[in-house]
Amino acid sequence: MLLILALFCLTPLLMPVLVRWMGARAFYVSALITAGAFAHAVVLGPEVIAGGIPFETYHWIPTLDIQISMRMDVLGWIMTLVVTGVGALVMLYCRWYFRGKTEGLGQFSAVLLAFAGAMYGLVLTDDIVVLVMFWEITSVLSYLLIGYYHRRAGSRRSALQALLVTTLGGLVMLIGVVLIVVDTGTSSLSTILSLAPAGPVIDAALVLLLVGALSKSAIFPFHFWLPGAMAAPTPVSAYLHAAAMVKAGIYLIARLAPVFADAPVWRPLVIGLGVFTMLLGGFQALRERDLKRILAFGTVSQLGFLTVVLGLGTRDAALAGLALLLAHALFKSCLFLVVGVIDRQLSTRDVDELSGLWRQAPTLAITSAVAIASMAGVIPTLGFVAKEGALTALLDAATAGDAWGLVALIGVVLGSALTAAYGLRFLWGAFATKRGVAPTAWPDPPLGFLSAPVALAALTLAGGFAAPWLDVALTPYADTAPAAPAGVAAPEYAYHLALWHGLEPALFLSLGTLIVGAVVFWLALRVGFDRRTRALPVTAADIYNMALRTVDRLSVITTTFTQRGSLPIYVGTIFVVLVAAEGTVILASPTWRAQLEAWQSPWQLLVAPVMIAAGIFAVRARKRFSGVVLVSGTGLGMVVLFATSGAPDLALTQVLIETVTLVAFALVLRRLPARMGDHNASVAPIFRGVLALAVGATMAMIAIIATGARIHVPISEPWPELAYEIGYGQNVVNVALVDIRGWDTMGELSVLILAATGVASLVFVTNRSDNLQSLTSGLPVAPRRRSRRPLVETVDGPRPQTGATPTQPRTWLLGGQRLRPESRSLILEVVVRVLFHSIIVVSIDLLFAGHNLPGGGFAGGLVAGMALVMRYVAGGRYELGVAAPTDAGMLLGVGMTIAVSCAIVPLFFGAAPLTSTYWEGELPLLGHVEFVTTTIFDVGVYLVVIGLVLDVLRSLGAEVDRQAQSARRQEVSV
């Protein structure tokens, strides 16, 4: 089972490539993977039915006792058959549904297969924490599937709506899971159920779990997201919204009901909301004119039915409910696929535009009739067997005096009548010959396109005759539930699934619902029920939209109040809070201790006055660039202090950061006036001065107090030893960054990527990739990588060297040819050409030497970035495009991917994330070689830093140059 789960995780990565090669035929591969999982479950069936429970586990997070455990009991087995069996047929159907389409199909196929894997893990996992993870994964993947037609605003809104509702429910559910795990001391679902905990905490946890289950299964008041999700392609509706995703909540209710159904909070929520949902969904299905929306509201109604039956928590209801779950997956998936065929062939699902299809598409009509018969509970379908069992269980509970059993019985009977009514409406709308409507022309679909719905209809018909076998298979799950609710007399005999029980009360109730349903359909058709205005003035969807609008308005109000557009106000607010908070703590402290020394090194006496003077002059500077240089002077003073205090790594990093920062400031200052005029003068200078003194005094006091605050041995003392024994390196700083504090470094990489993306989004007019192409467009020759011959200077500009130009001087910098003569510096071009490759080599040396010597990925990346800065300064934006002919975003992404991989790979070997290992050996030519896997993590850091510098140069440098050049051209043309 774990191997199948891993296959579901890895295969989606290949699907985009397979779709590129095979087109829609790549869905054969998806169907094969899913069918393999189905076959594996079938093979395990006899063992599961006999009482065996296949179990596999992998200790994922040992410190939290969280395991990726797979446990297949009868309930998990049935859900696995549904998820994989229906999934295989739907993916086979996709091959025909998407024939001739390629746009976005690679991503769609990958996400659909990944969703199948997430559902496979969800229904089999025995760890309730991992279940929540799979739960949220299905929400995210369903968002991508529903929003497949992302160019349509309706699809985007529906996808977001489904994501918000189901994810919010999942977060509430997570709180309930935490409460249960804390109360029971275990995250094993089977152990929790065996303990059967009770009490106020468990009741609160059950309510939170039910919020998650009801939101996932579209039970009122969360029902509105499911009809909106019909904006998805039909295969998504057939799989997610009939057999898989919406069944996740039903599965959780079925898993918990045998143990917790007698809890005081259970039946009022489950049965009350389930009955209302069944009636509401059936009522609304009669009002729809779109075939898919008829099925959508019908699905809402049927999910309410399933919630009531499986949530009752009795033995007979559990047996009937599991049979109903299987029947619903078959007939509702079949009907959605039928609608997909009609929509694909006719490009319409409107009942007013369809007429006479039963004559032209008899196979489709018969298939639909069988599925509708199963949904309404007509003999001999599986739906009839399940419905009769459910009515019997509810009738027994009601007659025994169970009040909630009576509520459930009345609600299910009324809801079943509505089910028969909207089932007839579907058949009439799709296939009947309508008066005044011309017969619809029907192009015959490929036989393969019909195979999946026909197979599902055949299975729901065969399921009725296989009722005795299903009874044997499903009884082990049913026997886990009590015979009757607490305080209610148990039925005299245990119920068994069968196609014919004789003339019993449930049969007459079922026949009555069919007759009433036919009458309701006829009346609704006669009065034009679907043409009337909305039945309710306010719906759940209206409340959802109102909530979104309220959040938007509150956001605008809050932003208007707090974001005034004034940087001095923002910075001043931060400083005022700092002074108030820290000052209060300092003044409230009863004792202060300080351990001060005049100086530790004579260098401090020389550097400190220079830093102080640079700070004072920076405040008084009237030119922007002068102020930037003076501020950098204070940073360079810190470099000297670091270097003389035994911290060469910090000194190296500080000097590189100061240099890059100075370059970035210089790039920005090109677009600003050189001098700060009167309109830049400080407002309220006295207040600012007082605030500045207060901040300075506060920070000084913090520094003084911190010198005497330590009362324990610092944790950094054993770091040199740990760096060598655990991190296999002698440079404590670098080992700490990539090993001991690897998680912090990964977080900092994420911040760098966000910063780079933010800068690019603010500056670039279009996107980074387009502007990368523009950097090299219009060059005298193609970029250098297109020709292996060196470029030489000719009267026509740079050209590849030929036999006719063997002695011509080589071109120093290609981009320099595009600069204006007054902006070129031949000396600078020669220096950059000579030093560029050497600097790159130095950066690589710093990267690999950093584990034992000063350096590392961060310092090496900054040095490589400085080499790119030199190319840009010497040759402009064109030279930058030639020096780095790649997208900065790609470098950032590859670097982060490498870093994340270093965290994930150790998990496959049973180690903690970011665990490093060490290798040494003898290699030919190289001799003795030592290698630490954290070096790979450092390579990721190296690439991220280069990508950041390149992004800054391209956005603040090259893109600003391009915009300025474009503005000059417009001025000239005017």
# chains A, B, ... in the order shown; residues from 1 in each chain; ligands from 1
>>> residues_around(residues="Gly170 (chain A)", least_positions_apart="4", cutoff="9 Å", atoms="only C-alpha atoms", output="PyMOL selection string")
chain A and resi 132+135-136+139+165-166+174-175+209+211-213+215-216
>>> residues_around(residues="Ile726 (chain A)", least_positions_apart="2", cutoff="9 Å", atoms="only C-alpha atoms", output="MDAnalysis selection string")
chainID A and resid 721:724 728:729 739:740 916:917
>>> write_last_selection(atoms="N, CA and C atoms", output="PDB file, in the first residue's frame")
ATOM      1  N   GLU A 721      32.845  21.985  18.439  1.00  0.00           N
ATOM      2  CA  GLU A 721      32.928  20.520  18.489  1.00  0.00           C
ATOM      3  C   GLU A 721      31.792  19.881  17.701  1.00  0.00           C
ATOM      4  N   LEU A 722      30.554  20.429  17.844  1.00  0.00           N
ATOM      5  CA  LEU A 722      29.418  19.881  17.106  1.00  0.00           C
ATOM      6  C   LEU A 722      29.600  20.085  15.599  1.00  0.00           C
ATOM      7  N   ALA A 723      30.151  21.227  15.218  1.00  0.00           N
ATOM      8  CA  ALA A 723      30.338  21.494  13.795  1.00  0.00           C
ATOM      9  C   ALA A 723      31.250  20.460  13.161  1.00  0.00           C
ATOM     10  N   TYR A 724      32.242  20.006  13.919  1.00  0.00           N
ATOM     11  CA  TYR A 724      33.182  19.033  13.362  1.00  0.00           C
ATOM     12  C   TYR A 724      32.626  17.606  13.432  1.00  0.00           C
ATOM     13  N   TYR A 728      30.726  17.836  10.142  1.00  0.00           N
ATOM     14  CA  TYR A 728      31.906  17.449   9.386  1.00  0.00           C
ATOM     15  C   TYR A 728      32.610  18.665   8.778  1.00  0.00           C
ATOM     16  N   GLY A 729      32.642  19.769   9.506  1.00  0.00           N
ATOM     17  CA  GLY A 729      33.305  20.963   9.009  1.00  0.00           C
ATOM     18  C   GLY A 729      33.961  21.728  10.132  1.00  0.00           C
ATOM     19  N   ASP A 739      23.587  23.423   8.383  1.00  0.00           N
ATOM     20  CA  ASP A 739      23.348  22.168   9.087  1.00  0.00           C
ATOM     21  C   ASP A 739      22.623  22.401  10.404  1.00  0.00           C
ATOM     22  N   ILE A 740      23.298  22.991  11.370  1.00  0.00           N
ATOM     23  CA  ILE A 740      22.694  23.135  12.700  1.00  0.00           C
ATOM     24  C   ILE A 740      21.457  24.022  12.649  1.00  0.00           C
ATOM     25  N   SER A 916      22.562  15.523   7.432  1.00  0.00           N
ATOM     26  CA  SER A 916      23.693  15.451   6.502  1.00  0.00           C
ATOM     27  C   SER A 916      24.445  14.138   6.685  1.00  0.00           C
ATOM     28  N   THR A 917      25.205  13.813   5.688  1.00  0.00           N
ATOM     29  CA  THR A 917      26.073  12.640   5.762  1.00  0.00           C
ATOM     30  C   THR A 917      27.418  12.987   5.152  1.00  0.00           C
TER      31      THR A 917
END
>>> atom_distance(atom1="CA of Ala6 (chain A)", atom2="CA of Phe115 (chain A)")
13.0 Å
>>> atom_distance(atom1="CA of Leu662 (chain A)", atom2="CA of Val735 (chain A)")
28.5 Å
>>> closest_residue(among="A:Thr367, A:Arg962, A:Ala483, A:Leu693", to="Phe575 (chain A)", atoms="only C-alpha atoms")
A:Leu693
>>> closest_residue(among="A:Pro673, A:Gly910, A:Ala205, A:Glu597", to="Phe625 (chain A)", atoms="only C-alpha atoms")
A:Pro673
>>> residues_around(residues="Val265 (chain A)", least_positions_apart="4", cutoff="7 Å", atoms="only C-alpha atoms", output="list in words")
Asp203, Val207 and Leu269 of chain A
>>> residues_around(residues="Pro227 (chain A)", least_positions_apart="6", cutoff="10 Å", atoms="only C-alpha atoms", output="PyMOL selection string")
chain A and resi 158+162+218+237+241+281+292-300
>>> write_last_selection(atoms="N, CA and C atoms", output="CSV table (one decimal), in the first residue's frame")
chain,number,residue,atom,x,y,z
A,158,SER,N,-15.5,29.9,-8.8
A,158,SER,CA,-16.0,28.6,-8.3
A,158,SER,C,-14.9,27.8,-7.6
A,162,ALA,N,-14.8,26.9,-3.6
A,162,ALA,CA,-14.6,25.5,-3.0
A,162,ALA,C,-13.4,25.5,-2.1
A,218,ALA,N,-20.4,18.9,1.5
A,218,ALA,CA,-21.4,19.9,1.0
A,218,ALA,C,-22.7,19.7,1.7
A,237,SER,N,-16.2,16.5,-12.2
A,237,SER,CA,-17.5,16.4,-11.5
A,237,SER,C,-17.8,14.9,-11.2
A,241,HIS,N,-16.8,15.0,-7.4
A,241,HIS,CA,-18.1,15.4,-6.8
A,241,HIS,C,-19.2,14.3,-6.8
A,281,GLY,N,-31.6,20.1,-1.3
A,281,GLY,CA,-31.0,19.7,-2.6
A,281,GLY,C,-32.0,19.2,-3.6
A,292,LYS,N,-26.3,19.4,-15.7
A,292,LYS,CA,-25.2,19.2,-14.8
A,292,LYS,C,-25.6,19.8,-13.4
A,293,ARG,N,-26.3,20.9,-13.4
A,293,ARG,CA,-26.7,21.5,-12.1
A,293,ARG,C,-27.8,20.6,-11.5
A,294,ILE,N,-28.7,20.0,-12.3
A,294,ILE,CA,-29.7,19.1,-11.8
A,294,ILE,C,-28.9,18.0,-11.0
A,295,LEU,N,-27.9,17.4,-11.6
A,295,LEU,CA,-27.1,16.4,-10.9
A,295,LEU,C,-26.4,16.9,-9.7
A,296,ALA,N,-25.9,18.2,-9.8
A,296,ALA,CA,-25.2,18.8,-8.7
A,296,ALA,C,-26.1,18.9,-7.5
A,297,PHE,N,-27.2,19.5,-7.6
A,297,PHE,CA,-28.1,19.6,-6.5
A,297,PHE,C,-28.7,18.2,-6.0
A,298,GLY,N,-28.8,17.3,-7.0
A,298,GLY,CA,-29.1,15.9,-6.7
A,298,GLY,C,-28.1,15.3,-5.8
A,299,THR,N,-26.8,15.6,-6.1
A,299,THR,CA,-25.7,15.1,-5.4
A,299,THR,C,-25.7,15.6,-3.9
A,300,VAL,N,-26.0,16.9,-3.8
A,300,VAL,CA,-26.2,17.5,-2.5
A,300,VAL,C,-27.2,16.8,-1.7
>>> residues_around(residues="region 16-31 of chain A", least_positions_apart="6", cutoff="10 Å", atoms="only C-alpha atoms", output="PyMOL selection string")
chain A and resi 8+37+84-102+104-114+116
